[in-house]
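Next comes structure26.txt, a file with compact mmCIF, C-alpha atoms.
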```txt
# COMPACT_ATOMS: atom_id res chain seq x y z
CA MET B 1 -26.32 -24.23 58.60
CA ILE B 2 -23.07 -22.34 58.67
CA THR B 3 -23.26 -18.95 60.17
CA THR B 4 -20.53 -16.39 59.66
CA LYS B 5 -19.68 -13.61 61.99
CA PRO B 6 -20.68 -10.17 60.52
CA ARG B 7 -16.97 -9.18 60.21
CA HIS B 8 -16.19 -12.21 58.06
CA ALA B 9 -19.33 -11.68 55.98
CA ARG B 10 -18.24 -8.11 55.14
CA ALA B 11 -14.75 -9.35 54.20
CA ILE B 12 -16.19 -12.01 51.92
CA LEU B 13 -18.50 -9.45 50.33
CA ARG B 14 -15.56 -7.09 49.76
CA ILE B 15 -13.47 -9.81 48.12
CA ALA B 16 -16.40 -10.85 45.93
CA ALA B 17 -16.99 -7.22 44.90
CA CYS B 18 -13.32 -6.76 43.99
CA VAL B 19 -13.28 -9.90 41.89
CA LEU B 20 -16.41 -8.81 40.03
CA LEU B 21 -15.14 -5.26 39.49
CA LEU B 22 -11.78 -6.46 38.21
CA ALA B 23 -13.33 -9.06 35.90
CA ALA B 24 -15.99 -6.82 34.37
CA PRO B 25 -13.73 -4.21 32.70
CA ALA B 26 -11.52 -7.00 31.33
CA ARG B 27 -14.50 -8.62 29.65
CA ALA B 28 -15.72 -5.28 28.27
CA SER B 29 -12.34 -4.37 26.79
CA GLU B 30 -12.00 -7.91 25.45
CA ALA B 31 -15.28 -7.41 23.63
CA SER B 32 -14.23 -4.13 22.01
CA ALA B 33 -10.52 -4.79 21.47
CA ASP B 34 -10.69 -8.28 20.00
CA LYS B 35 -13.81 -8.17 17.84
CA PRO B 36 -13.17 -6.41 14.52
CA ASN B 37 -15.53 -3.57 13.64
CA PRO B 38 -15.27 -2.99 9.90
CA GLU B 39 -17.96 -0.32 9.85
CA MET B 40 -16.15 1.71 12.48
CA ASP B 41 -12.92 1.31 10.50
CA ARG B 42 -14.61 2.37 7.29
CA LYS B 43 -16.13 5.51 8.78
CA ALA B 44 -12.76 6.55 10.23
CA PHE B 45 -10.95 5.72 6.97
CA GLN B 46 -13.36 7.78 4.87
CA ALA B 47 -13.45 10.64 7.38
CA PHE B 48 -9.65 10.85 7.13
CA PHE B 49 -9.79 11.36 3.37
CA PHE B 50 -12.82 13.64 3.34
CA ALA B 51 -10.98 15.90 5.80
CA LYS B 52 -7.74 15.71 3.84
CA PHE B 53 -9.42 16.56 0.52
CA PRO B 54 -12.40 18.76 1.46
CA ARG B 55 -12.90 20.00 -2.12
CA VAL B 56 -13.07 16.49 -3.62
CA ALA B 57 -16.61 15.16 -4.01
CA LYS B 58 -17.17 11.67 -2.60
CA ASP B 59 -18.07 10.35 -6.05
CA GLU B 60 -14.73 11.52 -7.44
CA PHE B 61 -12.44 9.40 -5.26
CA GLY B 62 -12.49 6.52 -7.74
CA ASN B 63 -10.50 8.72 -10.11
CA GLY B 64 -7.48 8.61 -7.81
CA PRO B 65 -4.75 11.07 -8.84
CA TYR B 66 -7.16 12.92 -11.13
CA ALA B 67 -9.47 13.61 -8.21
CA VAL B 68 -6.79 15.31 -6.14
CA ASN B 69 -4.64 17.19 -8.66
CA GLU B 70 -5.92 19.77 -11.15
CA GLY B 71 -2.91 19.57 -13.43
CA VAL B 72 -3.07 15.84 -14.17
CA ARG B 73 -6.88 16.03 -14.24
CA LYS B 74 -6.70 18.31 -17.29
CA GLN B 75 -4.38 15.86 -19.08
CA TRP B 76 -6.71 13.03 -18.15
CA LYS B 77 -9.77 14.77 -19.59
CA GLU B 78 -7.90 15.17 -22.87
CA ILE B 79 -6.93 11.47 -22.92
CA MET B 80 -10.53 10.51 -22.15
CA GLU B 81 -11.75 12.01 -25.45
CA PHE B 82 -10.41 8.76 -26.91
CA PRO B 83 -10.34 6.31 -23.97
CA PRO B 84 -7.39 3.96 -24.40
CA TYR B 85 -9.35 1.01 -23.00
CA GLU B 86 -11.97 0.95 -25.78
CA PHE B 87 -10.22 -1.96 -27.48
CA ALA B 88 -10.44 -3.95 -24.23
CA LEU B 89 -14.18 -3.29 -23.96
CA ASP B 90 -14.67 -4.48 -27.56
CA ASP B 91 -12.64 -7.65 -26.93
CA GLY B 92 -14.45 -8.22 -23.64
CA LYS B 93 -17.92 -7.89 -25.12
CA ALA B 94 -17.06 -10.28 -27.95
CA GLU B 95 -15.67 -12.84 -25.47
CA TRP B 96 -18.61 -12.45 -23.09
CA VAL B 97 -21.17 -13.65 -25.61
CA LYS B 98 -19.08 -16.58 -26.90
CA PRO B 99 -20.38 -19.89 -25.48
CA PHE B 100 -18.03 -22.32 -23.74
CA ALA B 101 -17.46 -25.73 -25.35
CA ASN B 102 -20.30 -27.07 -23.19
CA GLY B 103 -22.73 -24.43 -24.46
CA LYS B 104 -22.85 -22.36 -21.27
CA HIS B 105 -21.91 -18.67 -21.02
CA TYR B 106 -20.16 -16.37 -18.55
CA ALA B 107 -23.59 -14.83 -17.83
CA ASP B 108 -24.75 -18.17 -16.36
CA CYS B 109 -22.18 -17.93 -13.55
CA PHE B 110 -23.17 -14.53 -12.18
CA ASP B 111 -26.10 -12.81 -10.50
CA ASN B 112 -28.13 -10.70 -12.92
CA LYS B 113 -26.23 -12.27 -15.84
CA GLY B 114 -23.10 -10.46 -14.67
CA GLU B 115 -24.51 -7.00 -15.34
CA GLY B 116 -24.18 -4.39 -12.63
CA VAL B 117 -22.54 -6.75 -10.10
CA ARG B 118 -18.86 -5.72 -10.17
CA GLN B 119 -19.30 -3.45 -7.14
CA THR B 120 -20.06 -6.48 -4.93
CA TYR B 121 -16.65 -8.04 -5.49
CA PRO B 122 -14.57 -9.33 -3.76
CA ARG B 123 -17.00 -11.67 -1.99
CA PHE B 124 -16.51 -14.03 0.91
CA ILE B 125 -17.44 -17.55 -0.19
CA ARG B 126 -18.79 -19.65 2.68
CA GLU B 127 -18.17 -22.96 0.90
CA THR B 128 -14.43 -22.36 0.65
CA GLY B 129 -14.02 -19.99 3.59
CA GLN B 130 -12.03 -17.76 1.26
CA VAL B 131 -12.34 -14.36 -0.37
CA GLU B 132 -13.05 -14.52 -4.09
CA THR B 133 -12.15 -11.61 -6.38
CA LEU B 134 -13.93 -10.82 -9.64
CA GLU B 135 -11.04 -12.39 -11.56
CA GLY B 136 -11.30 -15.44 -9.31
CA ALA B 137 -15.02 -15.69 -10.03
CA ILE B 138 -14.42 -15.46 -13.79
CA ASN B 139 -11.80 -18.20 -13.67
CA ARG B 140 -13.98 -20.39 -11.45
CA CYS B 141 -16.74 -19.94 -14.02
CA ARG B 142 -14.42 -21.08 -16.78
CA VAL B 143 -12.99 -24.06 -14.89
CA GLU B 144 -16.42 -25.25 -13.72
CA ASN B 145 -17.48 -25.21 -17.37
CA GLY B 146 -14.50 -27.18 -18.64
CA GLU B 147 -12.36 -24.25 -19.81
CA LYS B 148 -8.81 -23.36 -18.82
CA PRO B 149 -8.37 -20.47 -16.39
CA LEU B 150 -7.17 -17.14 -17.82
CA GLU B 151 -3.93 -15.44 -16.88
CA PRO B 152 -5.36 -12.98 -14.35
CA MET B 153 -3.29 -9.82 -14.86
CA THR B 154 -4.01 -8.61 -18.38
CA GLY B 155 -5.34 -9.64 -21.79
CA LEU B 156 -8.70 -11.36 -21.94
CA MET B 157 -9.19 -11.25 -18.15
CA ALA B 158 -8.76 -7.47 -18.14
CA SER B 159 -11.15 -7.20 -21.09
CA LEU B 160 -13.84 -9.22 -19.29
CA THR B 161 -13.47 -7.28 -16.03
CA ALA B 162 -13.55 -4.04 -18.06
CA VAL B 163 -16.96 -5.03 -19.45
CA MET B 164 -18.26 -5.92 -15.98
CA ALA B 165 -16.89 -2.66 -14.54
CA GLU B 166 -18.51 -0.60 -17.28
CA SER B 167 -21.89 -2.18 -16.54
CA SER B 168 -21.50 -1.10 -12.90
CA GLN B 169 -20.45 2.50 -13.50
CA GLY B 170 -21.99 4.79 -10.93
CA LYS B 171 -22.90 1.95 -8.57
CA PRO B 172 -21.28 2.37 -5.15
CA PHE B 173 -19.04 -0.33 -3.76
CA ALA B 174 -21.25 -2.70 -1.72
CA ILE B 175 -18.93 -5.25 -0.16
CA THR B 176 -20.47 -7.47 2.49
CA ILE B 177 -18.76 -9.19 5.37
CA PRO B 178 -21.11 -11.98 6.46
CA ASP B 179 -21.46 -12.80 10.13
CA ASP B 180 -18.87 -15.54 9.86
CA PRO B 181 -15.65 -15.45 11.92
CA ARG B 182 -13.68 -16.55 8.86
CA ALA B 183 -14.94 -13.56 6.87
CA LEU B 184 -14.10 -11.16 9.67
CA ASN B 185 -10.69 -12.78 9.91
CA ALA B 186 -10.09 -12.34 6.17
CA TYR B 187 -11.02 -8.66 6.53
CA GLU B 188 -8.68 -8.23 9.51
CA ARG B 189 -5.81 -9.91 7.69
CA GLY B 190 -6.36 -7.62 4.71
CA LYS B 191 -6.30 -4.63 7.01
CA GLU B 192 -3.12 -5.88 8.65
CA PHE B 193 -1.48 -6.37 5.26
CA PHE B 194 -2.39 -2.80 4.28
CA TYR B 195 -0.75 -1.30 7.35
CA THR B 196 2.28 -3.63 7.69
CA ARG B 197 5.67 -2.50 6.48
CA LYS B 198 7.25 -4.98 4.12
CA GLY B 199 9.83 -5.42 1.37
CA GLN B 200 13.40 -4.20 1.45
CA LEU B 201 12.19 -0.62 1.46
CA GLY B 202 10.17 -1.43 4.57
CA VAL B 203 7.09 0.59 3.65
CA SER B 204 3.42 -0.33 3.87
CA CYS B 205 0.56 0.47 1.51
CA ALA B 206 -0.49 3.05 4.09
CA SER B 207 2.97 4.66 4.04
CA CYS B 208 2.20 6.17 0.62
CA HIS B 209 -1.56 6.03 0.17
CA MET B 210 -2.74 7.57 3.44
CA SER B 211 -0.95 10.77 4.57
CA PRO B 212 1.14 11.34 1.41
CA ALA B 213 -1.86 10.83 -0.91
CA GLY B 214 -1.99 13.67 -3.41
CA GLU B 215 1.74 14.33 -3.21
CA ARG B 216 4.13 13.88 -6.13
CA MET B 217 6.54 10.99 -6.42
CA ARG B 218 8.66 12.13 -9.38
CA GLY B 219 6.07 12.52 -12.17
CA ASP B 220 3.29 10.58 -10.46
CA ILE B 221 0.61 11.72 -8.04
CA LEU B 222 0.03 9.27 -5.18
CA ALA B 223 -3.58 8.07 -5.24
CA PRO B 224 -5.60 8.11 -2.03
CA ALA B 225 -6.37 4.62 -0.74
CA LEU B 226 -10.06 5.53 -0.65
CA GLY B 227 -11.57 4.44 -3.94
CA ILE B 228 -8.25 3.14 -5.21
CA LEU B 229 -9.84 0.07 -6.85
CA ALA B 230 -12.93 1.81 -8.23
CA ALA B 231 -11.37 2.42 -11.65
CA MET B 232 -10.09 -1.13 -12.17
CA PRO B 233 -9.15 -2.58 -14.58
CA ILE B 234 -6.94 0.20 -15.93
CA TYR B 235 -5.09 1.02 -19.10
CA ARG B 236 -1.79 2.18 -17.71
CA SER B 237 0.43 4.20 -20.08
CA ASP B 238 3.46 2.89 -18.24
CA TRP B 239 2.48 -0.64 -19.32
CA GLY B 240 1.07 0.30 -22.71
CA ALA B 241 -1.59 -2.27 -21.85
CA MET B 242 -4.50 -3.13 -19.60
CA GLY B 243 -3.99 -4.46 -16.12
CA THR B 244 -6.26 -5.85 -13.45
CA THR B 245 -6.18 -5.05 -9.74
CA ILE B 246 -3.74 -7.85 -9.12
CA ARG B 247 -1.36 -6.59 -11.79
CA ARG B 248 -1.14 -3.22 -10.07
CA ILE B 249 -0.81 -4.67 -6.59
CA SER B 250 1.98 -7.04 -7.54
CA THR B 251 3.80 -4.26 -9.43
CA CYS B 252 3.62 -2.25 -6.24
CA SER B 253 5.13 -5.16 -4.33
CA SER B 254 8.08 -5.13 -6.75
CA GLN B 255 8.42 -1.36 -6.51
CA THR B 256 8.77 -1.59 -2.73
CA ARG B 257 11.34 -4.34 -3.31
CA ALA B 258 9.19 -7.11 -1.95
CA VAL B 259 8.94 -10.40 -3.82
CA PRO B 260 5.46 -10.36 -5.38
CA LEU B 261 3.12 -13.08 -4.14
CA ALA B 262 1.27 -15.44 -6.49
CA ALA B 263 -1.60 -13.69 -8.27
CA ASP B 264 -4.24 -15.64 -6.34
CA ASP B 265 -2.45 -15.47 -2.99
CA GLU B 266 -4.78 -15.25 0.00
CA ASP B 267 -2.96 -12.12 1.30
CA TYR B 268 -3.66 -10.21 -1.92
CA ARG B 269 -7.29 -11.32 -1.96
CA ASN B 270 -7.75 -10.27 1.67
CA LEU B 271 -6.09 -6.94 0.93
CA GLU B 272 -8.52 -6.35 -1.92
CA TYR B 273 -11.41 -7.33 0.36
CA PHE B 274 -10.30 -4.77 2.97
CA LEU B 275 -9.63 -2.00 0.43
CA SER B 276 -12.93 -2.53 -1.32
CA TYR B 277 -14.90 -2.57 1.94
CA MET B 278 -13.19 0.67 2.97
CA SER B 279 -14.57 2.14 -0.26
CA ASN B 280 -18.19 1.08 0.33
CA GLY B 281 -20.32 3.98 -0.89
CA ILE B 282 -17.73 5.15 -3.44
CA PRO B 283 -19.04 4.62 -7.00
CA ILE B 284 -17.40 2.39 -9.58
CA VAL B 285 -15.81 4.42 -12.38
CA GLY B 286 -13.98 1.63 -14.22
CA PRO B 287 -12.55 0.77 -16.57
CA GLY B 288 -9.95 3.48 -16.10
CA THR B 289 -6.75 4.96 -17.37
CA ARG B 290 -3.63 5.92 -15.48
CA PRO B 291 -0.24 7.46 -16.34
CA MET Y 1 66.12 -4.92 20.57
CA ARG Y 2 67.23 -2.21 18.17
CA ASN Y 3 65.98 -4.28 15.21
CA ALA Y 4 62.54 -4.57 16.83
CA ARG Y 5 62.41 -0.82 17.41
CA PHE Y 6 63.40 -0.18 13.81
CA ALA Y 7 60.74 -2.65 12.65
CA VAL Y 8 58.03 -0.94 14.67
CA PHE Y 9 59.19 2.52 13.52
CA GLY Y 10 59.21 1.27 9.93
CA LEU Y 11 55.70 -0.13 10.18
CA VAL Y 12 54.33 3.07 11.72
CA ALA Y 13 55.96 5.16 9.00
CA VAL Y 14 54.59 3.00 6.21
CA PHE Y 15 51.07 2.95 7.62
CA GLY Y 16 51.31 6.66 8.47
CA LEU Y 17 52.15 7.51 4.87
CA ALA Y 18 49.50 5.13 3.55
CA ALA Y 19 46.71 6.57 5.73
CA PRO Y 20 44.21 8.76 3.80
CA PRO Y 21 44.33 12.49 4.47
CA LEU Y 22 41.86 13.69 7.14
CA SER Y 23 39.56 15.53 4.69
CA ALA Y 24 38.66 13.25 1.74
CA ARG Y 25 35.58 15.46 1.74
CA ALA Y 26 35.32 16.28 -1.94
CA ASP Y 27 35.35 12.57 -2.83
CA ASP Y 28 32.82 11.76 -0.11
CA VAL Y 29 30.49 14.54 -1.24
CA ALA Y 30 30.68 13.41 -4.87
CA ASP Y 31 30.11 9.78 -3.90
CA GLY Y 32 27.27 10.84 -1.63
CA GLN Y 33 25.60 12.76 -4.45
CA LYS Y 34 25.87 9.74 -6.74
CA LEU Y 35 24.30 7.53 -4.09
CA ALA Y 36 21.53 10.04 -3.42
CA LEU Y 37 20.56 10.25 -7.09
CA ASP Y 38 20.98 6.52 -7.83
CA ARG Y 39 17.47 4.99 -8.17
CA ALA Y 40 18.75 1.69 -6.83
CA LYS Y 41 20.28 3.33 -3.75
CA GLY Y 42 19.06 6.49 -2.06
CA ASN Y 43 16.69 7.40 -4.88
CA CYS Y 44 16.08 10.59 -2.91
CA LEU Y 45 14.44 12.36 -5.86
CA ALA Y 46 11.53 9.90 -5.66
CA CYS Y 47 10.24 11.88 -2.68
CA HIS Y 48 12.39 14.98 -2.21
CA THR Y 49 13.43 17.98 -4.23
CA LEU Y 50 17.06 19.01 -3.91
CA LYS Y 51 19.44 21.30 -5.73
CA GLY Y 52 20.78 19.52 -8.81
CA GLY Y 53 17.69 17.28 -9.04
CA ASP Y 54 15.03 17.44 -11.72
CA ALA Y 55 11.97 15.82 -10.14
CA PRO Y 56 9.05 17.79 -8.61
CA SER Y 57 8.57 15.28 -5.76
CA SER Y 58 6.69 16.46 -2.69
CA VAL Y 59 6.30 13.40 -0.45
CA GLY Y 60 9.14 14.59 1.76
CA ARG Y 61 10.45 18.06 2.52
CA GLU Y 62 12.89 19.86 0.25
CA LEU Y 63 16.46 18.91 1.13
CA ALA Y 64 17.88 22.40 1.59
CA ASP Y 65 19.46 24.44 4.38
CA MET Y 66 20.56 21.15 5.91
CA LYS Y 67 23.36 22.38 8.18
CA ARG Y 68 20.97 24.76 9.93
CA ARG Y 69 18.04 22.33 10.10
CA PHE Y 70 20.04 19.27 11.19
CA PRO Y 71 22.98 20.50 13.28
CA ARG Y 72 23.23 17.08 14.95
CA ARG Y 73 24.76 14.73 12.38
CA ALA Y 74 23.54 11.78 14.46
CA ASP Y 75 19.94 12.82 13.66
CA LEU Y 76 20.57 12.44 9.94
CA VAL Y 77 22.21 9.08 10.57
CA GLU Y 78 19.06 7.94 12.41
CA ILE Y 79 16.77 9.26 9.70
CA LEU Y 80 18.64 7.49 6.93
CA THR Y 81 19.10 4.32 8.96
CA ASP Y 82 15.53 3.87 10.15
CA GLU Y 83 13.18 6.87 10.27
CA ALA Y 84 10.24 4.49 10.86
CA MET Y 85 11.71 3.82 14.28
CA ARG Y 86 11.41 7.51 15.18
CA ASN Y 87 8.11 8.05 13.36
CA PRO Y 88 5.92 4.98 12.75
CA LEU Y 89 3.94 6.82 10.08
CA ALA Y 90 7.00 7.88 8.06
CA PRO Y 91 6.93 7.06 4.33
CA MET Y 92 10.75 7.10 4.41
CA PRO Y 93 12.23 3.73 3.41
CA ARG Y 94 14.27 1.97 6.10
CA PHE Y 95 17.51 2.40 4.21
CA GLY Y 96 20.10 1.39 6.79
CA ARG Y 97 18.04 -1.13 8.73
CA ASN Y 98 17.14 -3.06 5.58
CA HIS Y 99 20.56 -2.79 3.97
CA VAL Y 100 19.55 -0.63 1.04
CA LEU Y 101 22.46 1.57 2.14
CA THR Y 102 25.52 0.59 4.16
CA PRO Y 103 26.58 2.72 7.15
CA ALA Y 104 29.51 4.05 5.07
CA GLU Y 105 27.16 5.01 2.25
CA ILE Y 106 24.91 6.79 4.72
CA GLU Y 107 27.88 8.84 5.91
CA GLU Y 108 28.75 9.80 2.33
CA ILE Y 109 25.18 10.83 1.59
CA ILE Y 110 25.17 12.99 4.72
CA ASP Y 111 28.40 14.64 3.57
CA PHE Y 112 26.55 15.49 0.36
CA LEU Y 113 23.38 16.61 2.18
CA TYR Y 114 25.39 19.07 4.25
CA THR Y 115 26.38 20.88 1.05
CA LEU Y 116 22.70 21.60 0.33
```

What's the structure tokens form of this structure?
Amino acid sequence: MITTKPRHARAILRIAACVLLLAAPARASEASADKPNPEMDRKAFQAFFFAKFPRVAKDEFGNGPYAVNEGVRKQWKEIMEFPPYEFALDDGKAEWVKPFANGKHYADCFDNKGEGVRQTYPRFIRETGQVETLEGAINRCRVENGEKPLEPMTGLMASLTAVMAESSQGKPFAITIPDDPRALNAYERGKEFFYTRKGQLGVSCASCHMSPAGERMRGDILAPALGILAAMPIYRSDWGAMGTTIRRISTCSSQTRAVPLAADDEDYRNLEYFLSYMSNGIPIVGPGTRP
Amino acid sequence: MRNARFAVFGLVAVFGLAAPPLSARADDVADGQKLALDRAKGNCLACHTLKGGDAPSSVGRELADMKRRFPRRADLVEILTDEAMRNPLAPMPRFGRNHVLTPAEIEEIIDFLYTL
């Protein structure tokens, strides 16, 4: 048996203690710094906007500019006497009940026949390891039933998502991030996209939709990022037509002088996943109308 | 020797006469205003109000009283070149850094800004 002199034993104990003390904080900070915490992010994100707009009720945030500016709100109320998206709802309802060539219907592809489910999209799909938007789910439904996918930015796609949004009015966003590292990664990448400066103008989504929310950019009021997708799809006067989430996002890319990505690009889907999760608890108000 | 001296003298005279006058200010201010209002260039009215503009933008501060507020011209150069470098949260586009505006255009815009 090896015996050590007391002096050596104390030295060894000291070295061992130092190693343990130095290692422990590193592991602790590793745990908090590297592992994403979407709930913590969401609470901070919402607290920022509730503090910035103390007179805006939580349920109002889905109305974007109309929630934060009295002047445009009045104009909006007048427009809403004859909502400009009514034609889209009519088209959407007619399309929804039409069977595919194989006899199946859109309702067969969705939980609860597609009624009152819009607020759960985008979803992380374990089988593909990818985020799927509502438009993606509609097109997957079509393709799996032998139909061609729809152009995802306007037209029939916007009409169908308008119908699904209307059936979810008042339901709060309820996006889930399953305990799957790929889902957490998709969320983190969406968050990164939101905060990263890009395009020739070198601005991020956050540059305009966080601190400057509520301010005027020429004739427009900048919408707060909180609830920014709750009114989708929208009839936008500027387009004279309906547009889905992806239409608005890719327009924004162009406006910041970035080359828009493909409509189903993973970055856009992850961005929508992040933005929607940040709005968990904010009710759906769609379909909507914007200047 | 004398020919060389004459040649040099001649060249200096020609270039001296051809050089622009020290204050081309009025031209620079006018060019700067055009750049500031051009939507493809400064597009300043997208975010700022300024005298002579017609947009009620409020993202940035009103561009007024500029000589008093920005006595150091170099500060305005930095802001127009890359304000994000000074303030990571700035909504200001990175005009100079990303070649939306050339350094010469930035100088002309500043000449215009100093008249506000």

Distance in Å - CA of Leu271 in chain B versus CA of Val100 in chain Y:
26.4 Å

Would you give me, as JSON lines, each residue of chain B having an atom within 12 Å of an atom of chain Y, along with its shortest atom pair and that distance in Å to one decimal, using only C-alpha atoms and sorting by chain and residue number?
```
{"residue": "B:Tyr195", "atom": "CA", "partner": "Y:Leu89", "partner_atom": "CA", "distance": 9.8}
{"residue": "B:Thr196", "atom": "CA", "partner": "Y:Pro88", "partner_atom": "CA", "distance": 10.6}
{"residue": "B:Arg197", "atom": "CA", "partner": "Y:Ala84", "partner_atom": "CA", "distance": 9.4}
{"residue": "B:Lys198", "atom": "CA", "partner": "Y:Pro93", "partner_atom": "CA", "distance": 10.1}
{"residue": "B:Gly199", "atom": "CA", "partner": "Y:Asn98", "partner_atom": "CA", "distance": 8.8}
{"residue": "B:Gln200", "atom": "CA", "partner": "Y:Asn98", "partner_atom": "CA", "distance": 5.7}
{"residue": "B:Leu201", "atom": "CA", "partner": "Y:Pro93", "partner_atom": "CA", "distance": 4.8}
{"residue": "B:Gly202", "atom": "CA", "partner": "Y:Arg94", "partner_atom": "CA", "distance": 5.5}
{"residue": "B:Val203", "atom": "CA", "partner": "Y:Pro93", "partner_atom": "CA", "distance": 6.0}
{"residue": "B:Ser204", "atom": "CA", "partner": "Y:Pro91", "partner_atom": "CA", "distance": 8.2}
{"residue": "B:Cys205", "atom": "CA", "partner": "Y:Pro91", "partner_atom": "CA", "distance": 9.6}
{"residue": "B:Ala206", "atom": "CA", "partner": "Y:Leu89", "partner_atom": "CA", "distance": 8.3}
{"residue": "B:Ser207", "atom": "CA", "partner": "Y:Pro91", "partner_atom": "CA", "distance": 4.6}
{"residue": "B:Cys208", "atom": "CA", "partner": "Y:Pro91", "partner_atom": "CA", "distance": 6.1}
{"residue": "B:His209", "atom": "CA", "partner": "Y:Pro91", "partner_atom": "CA", "distance": 9.5}
{"residue": "B:Met210", "atom": "CA", "partner": "Y:Leu89", "partner_atom": "CA", "distance": 9.4}
{"residue": "B:Ser211", "atom": "CA", "partner": "Y:Leu89", "partner_atom": "CA", "distance": 8.4}
{"residue": "B:Pro212", "atom": "CA", "partner": "Y:Val59", "partner_atom": "CA", "distance": 5.9}
{"residue": "B:Ala213", "atom": "CA", "partner": "Y:Val59", "partner_atom": "CA", "distance": 8.6}
{"residue": "B:Gly214", "atom": "CA", "partner": "Y:Val59", "partner_atom": "CA", "distance": 8.8}
{"residue": "B:Glu215", "atom": "CA", "partner": "Y:Val59", "partner_atom": "CA", "distance": 5.4}
{"residue": "B:Arg216", "atom": "CA", "partner": "Y:Ser57", "partner_atom": "CA", "distance": 4.7}
{"residue": "B:Met217", "atom": "CA", "partner": "Y:Ser57", "partner_atom": "CA", "distance": 4.8}
{"residue": "B:Arg218", "atom": "CA", "partner": "Y:Ser57", "partner_atom": "CA", "distance": 4.8}
{"residue": "B:Gly219", "atom": "CA", "partner": "Y:Pro56", "partner_atom": "CA", "distance": 7.0}
{"residue": "B:Asp220", "atom": "CA", "partner": "Y:Ser57", "partner_atom": "CA", "distance": 8.5}
{"residue": "B:Ile221", "atom": "CA", "partner": "Y:Ser57", "partner_atom": "CA", "distance": 9.0}
{"residue": "B:Leu222", "atom": "CA", "partner": "Y:Val59", "partner_atom": "CA", "distance": 8.9}
{"residue": "B:Gln255", "atom": "CA", "partner": "Y:Ala40", "partner_atom": "CA", "distance": 10.8}
{"residue": "B:Thr256", "atom": "CA", "partner": "Y:Pro93", "partner_atom": "CA", "distance": 8.8}
{"residue": "B:Arg257", "atom": "CA", "partner": "Y:Val100", "partner_atom": "CA", "distance": 10.0}
{"residue": "B:Ala258", "atom": "CA", "partner": "Y:Asn98", "partner_atom": "CA", "distance": 11.7}
```

note - CA of Ile79 in chain B and CA of Ala158 in chain B are separated by 19.6 Å

Excluding same-chain residues fewer than 2 positions from Met232 in chain B, what lies within 6 Å of it counting all atoms listed in the file, as a PyMOL selection string?
chain B and resi 229-230+234+286-287

Would you mind reading off the distance between CA of Ile106 in chain Y and CA of Cys252 in chain B, one decimal, in Å?
25.6 Å

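For the residues Y:Ile110, Y:Ile79, Y:Leu63, Y:Met85, ranking by smallest atom-to-atom distance to Asp31 in chain Y using only C-alpha atoms places Y:Ile110 first.
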
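Nearest residue to Arg248 in chain B among B:Ala101, B:Val163, B:Ala51, B:Ile228 is B:Ile228, counting only C-alpha atoms.
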
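For the set Y:Ala26, Y:Met66, Y:Gln33, Y:Arg86, the residue with the smallest atom-to-atom gap to Gly52 in chain Y is Y:Gln33, counting only C-alpha atoms.
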
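Compared by their closest atoms to Lys58 in chain B, and using all atoms listed in the file, the residues B:Met242, B:Leu226, B:Cys109, B:Leu89 rank with B:Leu226 nearest.
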
Enclosing box along x, y and z for every listed atom of range 89-94 of chain Y, padded 8 Å each side, centre and size in Å, one decimal, as AutoDock Vina command-line options:
```
--center_x 9.1 --center_y 4.9 --center_z 6.7 --size_x 26.3 --size_y 21.9 --size_z 22.7
```

Using only C-alpha atoms, which of the listed residues (Y:Thr115, Y:Gly32, Y:Val77, Y:Asn87) sits closest to Pro103 in chain Y?
Y:Val77

Residue neighbourhood Arg236 in chain B, 6 Å, all atoms listed in the file, exclusion window fewer than 2 positions, as a VMD selection string
chain B and resid 234 238 to 239 289 to 291

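Distances from Y:Leu80, Y:Lys67, Y:Leu116, Y:Ile109 to Leu37 in chain Y were compared using all atoms listed in the file, and the smallest one belongs to Y:Ile109.
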
Excluding Pro149 in chain B and residues on its chain fewer than 5 positions from it, collect all residues at most 12 Å away from it, counting only C-alpha atoms, and give them as a ChimeraX atom specification.
/B:135-144,156-157,264

Might you pull out every residue within 8 Å of Phe274 in chain B, with all atoms listed in the file counted and same-chain residues fewer than 6 positions away left off, and present them as an mmCIF file with C-alpha atoms, in the frame of the given file?
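Listing of part-v6.cif after writing:
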```
data_model
loop_
_atom_site.group_PDB
_atom_site.id
_atom_site.type_symbol
_atom_site.label_atom_id
_atom_site.label_comp_id
_atom_site.auth_asym_id
_atom_site.auth_seq_id
_atom_site.Cartn_x
_atom_site.Cartn_y
_atom_site.Cartn_z
ATOM 1 C CA TYR B 187 -11.020 -8.660 6.530
ATOM 2 C CA GLU B 188 -8.680 -8.230 9.510
ATOM 3 C CA GLY B 190 -6.360 -7.620 4.710
ATOM 4 C CA LYS B 191 -6.300 -4.630 7.010
#
```

Distance query Val68 in chain B at most 8 Å, all atoms listed in the file, self and fewer than 5 positions along chain excluded, as number ranges by chain
B: 53, 56, 214, 223
